[in-house]
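Below is one structure, written out as structure tokens; the observations come after it.
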Amino acid sequence: MVVSTINGTSPLSHSNGTTIPLSTFSRNSFVNVEKGDPVAFRPYWEKVRDECTVEIKGDEWMSYLGDTNNLCWYMVPQMRDAILRLHNVVGNAVTKDKFLVLGTGSSQLYQALLYALSPSESSHRPINVVAAAPYYSEYKDATDILQSRLFQWTGDAALYDKDEPYIEVVTSPNNPDGTLRVPVVNSGVEGKIIYDLAYYWPQYTPITDQLDHDVMVFTFSKCTGHAGSRIGWAFVKDIEVAKKMIRFVQLNSIGVSRESQIRAAKMIGVICDGYKNLKSIESDHLFFDYSKRLMKERWEKFKGAIEKSKVFTLTKYPTSYCHFNKDLSEQYPAFAWLKCLEGIKDGESYLEKLKIRTRGGGRFGVDTKYVRVSMIGTEDEFIELCTRLSNAKRE
């Protein structure tokens, strides 16, 4: 049986010293932490909104073309320069001797990479696509929806033992559990690796290395919170792979919105300018400082709520040295990965009784006793989430 007290008369205090403010949610409303909509950073962008203003006149950015001197011809120079500058500031990826491919979000780039990395011979069997469980819940559908003869979803990379060509997707930090990942396939055939680095930013995890892989995918949405701009990019070592990706994007959407590129470049510029002018800018105006502090505060409150409920256990993360912040730091993932204690077989259904919408472990290729909870929604959603979890009891 589930017992929950919602909308109490005083803030909740936890044994770890954190306090949950009063919730503004109604008793019968659902808290939706199933989605990964990264709106948590909106207060920062409200502070710097005037610096981020972009004016686009009616006669500007009308052409399909962005830069005909660039391999990625639909990418405007401002977008290219902003991306390279961002990685130079953060130090999370080697960009030298790589081709930069822009996409309409990392979702489009994922499919472009499956196309580009698959064998071109029409008589060849579809190449197997795998990822270690728990894997991102959309990989399977994004692979299968095209019903391609070039590639097919095959499941858990840890269980893959075929001596056949394969593509392994390595998400690090991982969605849903936040762990740092490396390839795990044990096969006699050399596979191709896609590194999905959507969450390899300082607010989520220490920047321990400047990564240097053949294929690395990043997304604007999880970096800054601007998911609606639909901007993603990949660094690719092999020019032939890059060409095939660009061909896919051309056929799929004839490039990437020029307006979105200009706005994204402006936002990235504001972030980088802050770290260029460290001495004259308050820490609240440094994006990664602000967003890391927010994630840390949320995780401390969330841990207190989980500890009080005694219904779930949480993934534990190591402390590592962050070369960006130049300090020892824990991880503060975008999602919490919960495991139900004995007696609860389905975490998603259990939380549904508390009017909390989540995404169950079955979607991620594991047992239903696991459940993913978003940590990057609105402040009101997060407060209500912690309130309901704190008051959840098993009888």
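Simple scheme: letters A, B, ... for chains in structure tokens order, numbers from 1 for residues in each chain, numbers from 1 for ligands in the order shown.
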
All strand (DSSP E or B) positions in segment 159-359 of chain A, as a VMD selection string: chain A and resid 166 to 171 192 to 196 211 215 to 219 232 to 236 312 to 314 320 to 322 327 to 329 335 to 340 356 to 357 359

Any chance you could tabulate, as a Markdown table, the residues of segment 166-188 of chain A at most 12 Å from segment 353-371 of chain A with each one's nearest atom pair and distance in Å to one decimal, using only C-alpha atoms, in chain and rising number order?
| residue | atom | partner | partner_atom | distance |
| --- | --- | --- | --- | --- |
| A:Asn174 | CA | A:Phe364 | CA | 11.2 |
| A:Asn175 | CA | A:Phe364 | CA | 9.0 |
| A:Pro176 | CA | A:Phe364 | CA | 7.7 |
| A:Asp177 | CA | A:Val371 | CA | 9.6 |

I need the chosen residues saved as a PDB file, in the first residue's frame, with C-alpha atoms.
ATOM      1  CA  ASN A 174      24.985   7.135 -19.783  1.00  0.00           C
ATOM      2  CA  ASN A 175      21.293   7.843 -20.152  1.00  0.00           C
ATOM      3  CA  PRO A 176      19.551   6.570 -17.976  1.00  0.00           C
ATOM      4  CA  ASP A 177      21.970   5.740 -15.136  1.00  0.00           C
TER       5      ASP A 177
END

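The interatomic distance for the pair atom CA of Cys272 of chain A and atom CA of Arg293 of chain A works out to 18.0 Å.
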
Show which residues sit within 8 Å of Cys322 of chain A, as a list of chain:residue names. Count only C-alpha atoms, and ignore same-chain residues fewer than 6 positions away.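 Once the adjacent positions are removed, what remains is A:Pro202, A:Pro206, A:Ile207, A:Thr208, A:Leu328, A:Ser329.
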
Would you mind exporting C-alpha atoms of the selected residues as a JSON list (two decimals), in the first residue's frame?
[["chain", "number", "residue", "atom", "x", "y", "z"],
["A", 202, "PRO", "CA", 30.64, 20.21, -16.55],
["A", 206, "PRO", "CA", 33.68, 16.10, -14.07],
["A", 207, "ILE", "CA", 35.58, 16.70, -17.32],
["A", 208, "THR", "CA", 38.25, 14.07, -16.73],
["A", 328, "LEU", "CA", 37.34, 17.24, -7.17],
["A", 329, "SER", "CA", 33.69, 16.74, -7.94]]

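Of the listed residues (A:Tyr44, A:Phe218, A:Tyr166, A:Phe25), A:Tyr44 comes nearest to Ser283 of chain A; the distances count only C-alpha atoms.
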
Atomic distance atom CA of Phe30 of chain A - atom CA of Glu384 of chain A, expressed in Å with one decimal: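 The value is 9.5 Å.
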
What's the 10 Å shell around Leu71 of chain A, counting only C-alpha atoms, without same-chain residues fewer than 6 positions away, as a PyMOL selection string? chain A and resi 99-101+239+242-243+246

Proximity check segment 333-385 of chain A to segment 311-317 of chain A, 12 Å, nearest pairs one decimal Å, only C-alpha atoms, as JSON lines:
{"residue": "A:Pro333", "atom": "CA", "partner": "A:Tyr317", "partner_atom": "CA", "distance": 9.5}
{"residue": "A:Phe335", "atom": "CA", "partner": "A:Thr315", "partner_atom": "CA", "distance": 10.6}
{"residue": "A:Ala336", "atom": "CA", "partner": "A:Leu314", "partner_atom": "CA", "distance": 7.4}
{"residue": "A:Trp337", "atom": "CA", "partner": "A:Leu314", "partner_atom": "CA", "distance": 6.3}
{"residue": "A:Leu338", "atom": "CA", "partner": "A:Leu314", "partner_atom": "CA", "distance": 5.2}
{"residue": "A:Lys339", "atom": "CA", "partner": "A:Thr313", "partner_atom": "CA", "distance": 5.2}
{"residue": "A:Cys340", "atom": "CA", "partner": "A:Phe312", "partner_atom": "CA", "distance": 4.6}
{"residue": "A:Leu341", "atom": "CA", "partner": "A:Phe312", "partner_atom": "CA", "distance": 5.5}
{"residue": "A:Glu342", "atom": "CA", "partner": "A:Val311", "partner_atom": "CA", "distance": 8.8}
{"residue": "A:Gly343", "atom": "CA", "partner": "A:Val311", "partner_atom": "CA", "distance": 9.7}
{"residue": "A:Ile344", "atom": "CA", "partner": "A:Val311", "partner_atom": "CA", "distance": 8.7}
{"residue": "A:Lys345", "atom": "CA", "partner": "A:Phe312", "partner_atom": "CA", "distance": 11.7}
{"residue": "A:Asp346", "atom": "CA", "partner": "A:Phe312", "partner_atom": "CA", "distance": 11.7}
{"residue": "A:Gly347", "atom": "CA", "partner": "A:Phe312", "partner_atom": "CA", "distance": 9.0}
{"residue": "A:Tyr350", "atom": "CA", "partner": "A:Val311", "partner_atom": "CA", "distance": 10.2}
{"residue": "A:Leu351", "atom": "CA", "partner": "A:Val311", "partner_atom": "CA", "distance": 10.5}
{"residue": "A:Lys369", "atom": "CA", "partner": "A:Phe312", "partner_atom": "CA", "distance": 9.6}
{"residue": "A:Tyr370", "atom": "CA", "partner": "A:Phe312", "partner_atom": "CA", "distance": 9.2}
{"residue": "A:Val371", "atom": "CA", "partner": "A:Phe312", "partner_atom": "CA", "distance": 9.8}
{"residue": "A:Arg372", "atom": "CA", "partner": "A:Leu314", "partner_atom": "CA", "distance": 10.6}
{"residue": "A:Val373", "atom": "CA", "partner": "A:Leu314", "partner_atom": "CA", "distance": 11.1}

Counting only C-alpha atoms, what are the residues of segment 15-129 of chain A within 7 Å of segment 254-266 of chain A, and for each of them which pair of atoms is the nearest and at what distance in Å, to one decimal? Sort the table by chain and rising number, as JSON lines.
{"residue": "A:Cys52", "atom": "CA", "partner": "A:Lys266", "partner_atom": "CA", "distance": 6.2}
{"residue": "A:Val54", "atom": "CA", "partner": "A:Arg263", "partner_atom": "CA", "distance": 6.4}
{"residue": "A:Trp61", "atom": "CA", "partner": "A:Arg258", "partner_atom": "CA", "distance": 6.2}
{"residue": "A:Tyr74", "atom": "CA", "partner": "A:Gly255", "partner_atom": "CA", "distance": 5.3}
{"residue": "A:Gln78", "atom": "CA", "partner": "A:Ala265", "partner_atom": "CA", "distance": 6.1}
{"residue": "A:Met79", "atom": "CA", "partner": "A:Ala265", "partner_atom": "CA", "distance": 5.0}
{"residue": "A:Ala82", "atom": "CA", "partner": "A:Ala265", "partner_atom": "CA", "distance": 5.4}
{"residue": "A:Gly103", "atom": "CA", "partner": "A:Val256", "partner_atom": "CA", "distance": 6.1}
{"residue": "A:Thr104", "atom": "CA", "partner": "A:Val256", "partner_atom": "CA", "distance": 5.6}

Coordinates-based distance that separates atom CA of Gly232 of chain A from atom CA of Leu65 of chain A (Å, one decimal):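 Atom-to-atom, atom CA of Leu65 of chain A to atom CA of Gly232 of chain A, that is 17.8 Å.
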
Can you pull out the residues contacting Cys386 of chain A? Cut-off 9 Å, using only C-alpha atoms, and skip same-chain residues under 2 positions away; I want them as a VMD selection string. chain A and resid 20 301 to 302 304 to 306 381 to 384 388 to 391

Counting only C-alpha atoms, which residues in segment 7-118 of chain A sit no more than 12 Å from segment 137-143 of chain A? For each one, give the nearest pair of atoms and the distance in Å, sorted by chain then residue number, as JSON lines.
{"residue": "A:Glu34", "atom": "CA", "partner": "A:Ser137", "partner_atom": "CA", "distance": 11.4}
{"residue": "A:Lys35", "atom": "CA", "partner": "A:Ser137", "partner_atom": "CA", "distance": 11.2}
{"residue": "A:Gly36", "atom": "CA", "partner": "A:Ser137", "partner_atom": "CA", "distance": 11.4}
{"residue": "A:Ser106", "atom": "CA", "partner": "A:Ala142", "partner_atom": "CA", "distance": 11.4}
{"residue": "A:Ser107", "atom": "CA", "partner": "A:Ala142", "partner_atom": "CA", "distance": 7.8}
{"residue": "A:Gln108", "atom": "CA", "partner": "A:Ala142", "partner_atom": "CA", "distance": 9.2}
{"residue": "A:Leu109", "atom": "CA", "partner": "A:Ala142", "partner_atom": "CA", "distance": 10.9}
{"residue": "A:Tyr110", "atom": "CA", "partner": "A:Ala142", "partner_atom": "CA", "distance": 8.2}
{"residue": "A:Gln111", "atom": "CA", "partner": "A:Thr143", "partner_atom": "CA", "distance": 7.1}
{"residue": "A:Ala112", "atom": "CA", "partner": "A:Thr143", "partner_atom": "CA", "distance": 10.6}
{"residue": "A:Leu113", "atom": "CA", "partner": "A:Thr143", "partner_atom": "CA", "distance": 10.7}
{"residue": "A:Leu114", "atom": "CA", "partner": "A:Thr143", "partner_atom": "CA", "distance": 8.0}
{"residue": "A:Tyr115", "atom": "CA", "partner": "A:Thr143", "partner_atom": "CA", "distance": 10.1}

Emit the selected residues as a tab-separated table (two decimals), in the first residue's frame, including all heavy atoms.
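Output file again.tsv follows:
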chain	number	residue	atom	x	y	z
A	34	GLU	N	8.95	11.97	-16.62
A	34	GLU	CA	9.25	10.92	-17.60
A	34	GLU	C	10.10	11.47	-18.74
A	34	GLU	O	10.99	10.81	-19.25
A	34	GLU	CB	7.93	10.35	-18.15
A	34	GLU	CG	8.09	9.16	-19.09
A	34	GLU	CD	8.21	9.57	-20.55
A	34	GLU	OE1	7.82	10.71	-20.88
A	34	GLU	OE2	8.70	8.75	-21.35
A	35	LYS	N	9.82	12.69	-19.11
A	35	LYS	CA	10.50	13.29	-20.26
A	35	LYS	C	11.85	13.88	-19.84
A	35	LYS	O	12.11	14.08	-18.66
A	35	LYS	CB	9.63	14.38	-20.88
A	35	LYS	CG	9.27	15.51	-19.91
A	35	LYS	CD	8.23	16.43	-20.50
A	35	LYS	CE	7.96	17.64	-19.61
A	35	LYS	NZ	7.51	17.29	-18.27
A	36	GLY	N	12.68	14.17	-20.82
A	36	GLY	CA	13.99	14.75	-20.55
A	36	GLY	C	14.09	16.17	-21.05
A	36	GLY	O	15.11	16.57	-21.62
A	106	SER	N	20.75	15.74	-32.18
A	106	SER	CA	21.58	14.53	-32.24
A	106	SER	C	20.78	13.32	-32.73
A	106	SER	O	21.36	12.34	-33.19
A	106	SER	CB	22.21	14.24	-30.88
A	106	SER	OG	21.21	14.07	-29.89
A	107	SER	N	19.45	13.40	-32.65
A	107	SER	CA	18.61	12.29	-33.14
A	107	SER	C	18.81	12.08	-34.63
A	107	SER	O	18.93	10.94	-35.11
A	107	SER	CB	17.14	12.56	-32.85
A	107	SER	OG	16.90	12.70	-31.47
A	108	GLN	N	18.86	13.16	-35.40
A	108	GLN	CA	19.09	13.05	-36.83
A	108	GLN	C	20.51	12.53	-37.10
A	108	GLN	O	20.72	11.70	-38.00
A	108	GLN	CB	18.90	14.39	-37.52
A	108	GLN	CG	19.02	14.30	-39.04
A	108	GLN	CD	18.92	15.66	-39.72
A	108	GLN	OE1	19.61	16.61	-39.34
A	108	GLN	NE2	18.06	15.76	-40.73
A	109	LEU	N	21.46	12.99	-36.31
A	109	LEU	CA	22.85	12.55	-36.50
A	109	LEU	C	23.01	11.07	-36.20
A	109	LEU	O	23.82	10.38	-36.83
A	109	LEU	CB	23.79	13.37	-35.60
A	109	LEU	CG	23.95	14.84	-35.99
A	109	LEU	CD1	24.74	15.58	-34.92
A	109	LEU	CD2	24.63	14.97	-37.35
A	110	TYR	N	22.24	10.56	-35.25
A	110	TYR	CA	22.29	9.13	-34.94
A	110	TYR	C	21.91	8.31	-36.17
A	110	TYR	O	22.61	7.37	-36.56
A	110	TYR	CB	21.36	8.81	-33.77
A	110	TYR	CG	21.20	7.33	-33.48
A	110	TYR	CD1	22.25	6.60	-32.93
A	110	TYR	CD2	20.01	6.67	-33.77
A	110	TYR	CE1	22.12	5.24	-32.67
A	110	TYR	CE2	19.87	5.32	-33.51
A	110	TYR	CZ	20.93	4.60	-32.96
A	110	TYR	OH	20.79	3.26	-32.72
A	111	GLN	N	20.80	8.68	-36.81
A	111	GLN	CA	20.38	7.95	-38.00
A	111	GLN	C	21.34	8.17	-39.17
A	111	GLN	O	21.60	7.26	-39.96
A	111	GLN	CB	18.96	8.35	-38.38
A	111	GLN	CG	17.93	7.89	-37.35
A	111	GLN	CD	16.51	8.18	-37.77
A	111	GLN	OE1	16.24	9.17	-38.44
A	111	GLN	NE2	15.58	7.32	-37.37
A	112	ALA	N	21.89	9.37	-39.26
A	112	ALA	CA	22.88	9.65	-40.30
A	112	ALA	C	24.11	8.77	-40.12
A	112	ALA	O	24.69	8.28	-41.10
A	112	ALA	CB	23.27	11.12	-40.28
A	113	LEU	N	24.49	8.54	-38.88
A	113	LEU	CA	25.66	7.70	-38.61
A	113	LEU	C	25.38	6.23	-38.90
A	113	LEU	O	26.25	5.52	-39.41
A	113	LEU	CB	26.11	7.88	-37.15
A	113	LEU	CG	27.01	9.08	-36.91
A	113	LEU	CD1	27.07	9.44	-35.43
A	113	LEU	CD2	28.42	8.81	-37.45
A	114	LEU	N	24.18	5.77	-38.58
A	114	LEU	CA	23.84	4.38	-38.91
A	114	LEU	C	23.94	4.17	-40.42
A	114	LEU	O	24.46	3.15	-40.88
A	114	LEU	CB	22.43	4.05	-38.43
A	114	LEU	CG	22.18	4.05	-36.91
A	114	LEU	CD1	20.76	3.58	-36.61
A	114	LEU	CD2	23.18	3.18	-36.18
A	115	TYR	N	23.46	5.14	-41.17
A	115	TYR	CA	23.54	5.07	-42.63
A	115	TYR	C	25.00	5.11	-43.09
A	115	TYR	O	25.42	4.31	-43.94
A	115	TYR	CB	22.76	6.23	-43.23
A	115	TYR	CG	23.03	6.48	-44.70
A	115	TYR	CD1	22.53	5.61	-45.68
A	115	TYR	CD2	23.79	7.57	-45.11
A	115	TYR	CE1	22.78	5.83	-47.03
A	115	TYR	CE2	24.05	7.80	-46.46
A	115	TYR	CZ	23.55	6.92	-47.41
A	115	TYR	OH	23.80	7.14	-48.74

Between A:Arg181, A:Arg230, A:Lys292, A:Arg49, which residue has the minimum interatomic distance to Val169 of chain A, considering only C-alpha atoms?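 For Val169 of chain A, the nearest of the candidates is A:Arg181.
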
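The nearest approach to Thr171 of chain A among the residues A:Phe287, A:Tyr332, A:Tyr136, A:Tyr204, with only C-alpha atoms taken into account, belongs to A:Tyr136.
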
Would you return as an MDAnalysis selection string the members of segment 127-366 of chain A that DSSP assigns to alpha helix (DSSP H) on this structure's backbone? chainID A and resid 138:144 220:224 239:253 258:276 287:309 347:353

From the set A:Arg298, A:Lys96, A:Asp209, A:Arg27, which residue has the shortest atom-to-atom contact distance to Tyr321 of chain A, counting only C-alpha atoms?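 Closest to Tyr321 of chain A of all the choices is A:Asp209.
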
Using only C-alpha atoms, which residues sit within 10 Å of Glu164 of chain A once same-chain residues fewer than 3 positions away are excluded, as a list in words?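 Near neighbours after the sequence-gap exclusion: Arg125, Pro126, Ile127, Asn128, Tyr160, Asp161, Ser187, Gly188, Val189, Glu190 and Gly191 of chain A.
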
Could the residues in this selection be written to a file with N, CA, C and O atoms, as a PDB file, in the first residue's frame?
ATOM      1  N   ARG A 125      24.175  -8.562 -45.358  1.00  0.00           N
ATOM      2  CA  ARG A 125      23.150  -8.586 -44.316  1.00  0.00           C
ATOM      3  C   ARG A 125      23.172  -7.279 -43.538  1.00  0.00           C
ATOM      4  O   ARG A 125      24.205  -6.618 -43.438  1.00  0.00           O
ATOM      5  N   PRO A 126      22.048  -6.872 -42.955  1.00  0.00           N
ATOM      6  CA  PRO A 126      22.023  -5.647 -42.159  1.00  0.00           C
ATOM      7  C   PRO A 126      23.050  -5.724 -41.027  1.00  0.00           C
ATOM      8  O   PRO A 126      23.194  -6.765 -40.373  1.00  0.00           O
ATOM      9  N   ILE A 127      23.747  -4.633 -40.780  1.00  0.00           N
ATOM     10  CA  ILE A 127      24.715  -4.594 -39.692  1.00  0.00           C
ATOM     11  C   ILE A 127      23.966  -4.494 -38.366  1.00  0.00           C
ATOM     12  O   ILE A 127      22.914  -3.858 -38.265  1.00  0.00           O
ATOM     13  N   ASN A 128      24.470  -5.167 -37.334  1.00  0.00           N
ATOM     14  CA  ASN A 128      23.825  -5.180 -36.025  1.00  0.00           C
ATOM     15  C   ASN A 128      24.175  -3.918 -35.241  1.00  0.00           C
ATOM     16  O   ASN A 128      25.339  -3.506 -35.196  1.00  0.00           O
ATOM     17  N   TYR A 160      26.233  -9.451 -26.819  1.00  0.00           N
ATOM     18  CA  TYR A 160      26.498  -9.671 -28.234  1.00  0.00           C
ATOM     19  C   TYR A 160      27.746 -10.537 -28.406  1.00  0.00           C
ATOM     20  O   TYR A 160      28.837 -10.182 -27.969  1.00  0.00           O
ATOM     21  N   ASP A 161      27.581 -11.689 -29.049  1.00  0.00           N
ATOM     22  CA  ASP A 161      28.712 -12.614 -29.224  1.00  0.00           C
ATOM     23  C   ASP A 161      28.815 -13.147 -30.655  1.00  0.00           C
ATOM     24  O   ASP A 161      29.466 -14.160 -30.911  1.00  0.00           O
ATOM     25  N   SER A 187      33.733  -9.621 -29.403  1.00  0.00           N
ATOM     26  CA  SER A 187      33.494 -10.289 -30.673  1.00  0.00           C
ATOM     27  C   SER A 187      34.795 -10.426 -31.440  1.00  0.00           C
ATOM     28  O   SER A 187      35.733  -9.630 -31.263  1.00  0.00           O
ATOM     29  N   GLY A 188      34.840 -11.440 -32.279  1.00  0.00           N
ATOM     30  CA  GLY A 188      36.019 -11.633 -33.117  1.00  0.00           C
ATOM     31  C   GLY A 188      36.087 -10.665 -34.277  1.00  0.00           C
ATOM     32  O   GLY A 188      37.100 -10.569 -34.969  1.00  0.00           O
ATOM     33  N   VAL A 189      35.008  -9.924 -34.486  1.00  0.00           N
ATOM     34  CA  VAL A 189      34.939  -8.944 -35.573  1.00  0.00           C
ATOM     35  C   VAL A 189      35.105  -7.540 -34.986  1.00  0.00           C
ATOM     36  O   VAL A 189      34.530  -7.216 -33.948  1.00  0.00           O
ATOM     37  N   GLU A 190      35.893  -6.723 -35.635  1.00  0.00           N
ATOM     38  CA  GLU A 190      36.072  -5.352 -35.165  1.00  0.00           C
ATOM     39  C   GLU A 190      34.846  -4.522 -35.527  1.00  0.00           C
ATOM     40  O   GLU A 190      34.424  -4.475 -36.680  1.00  0.00           O
ATOM     41  N   GLY A 191      34.273  -3.898 -34.537  1.00  0.00           N
ATOM     42  CA  GLY A 191      33.065  -3.108 -34.764  1.00  0.00           C
ATOM     43  C   GLY A 191      33.348  -1.629 -34.943  1.00  0.00           C
ATOM     44  O   GLY A 191      34.492  -1.175 -34.874  1.00  0.00           O
TER      45      GLY A 191
END

Within 10 Å of Leu86 of chain A using only C-alpha atoms, minus same-chain residues under 5 positions, as a count of residues only: 10
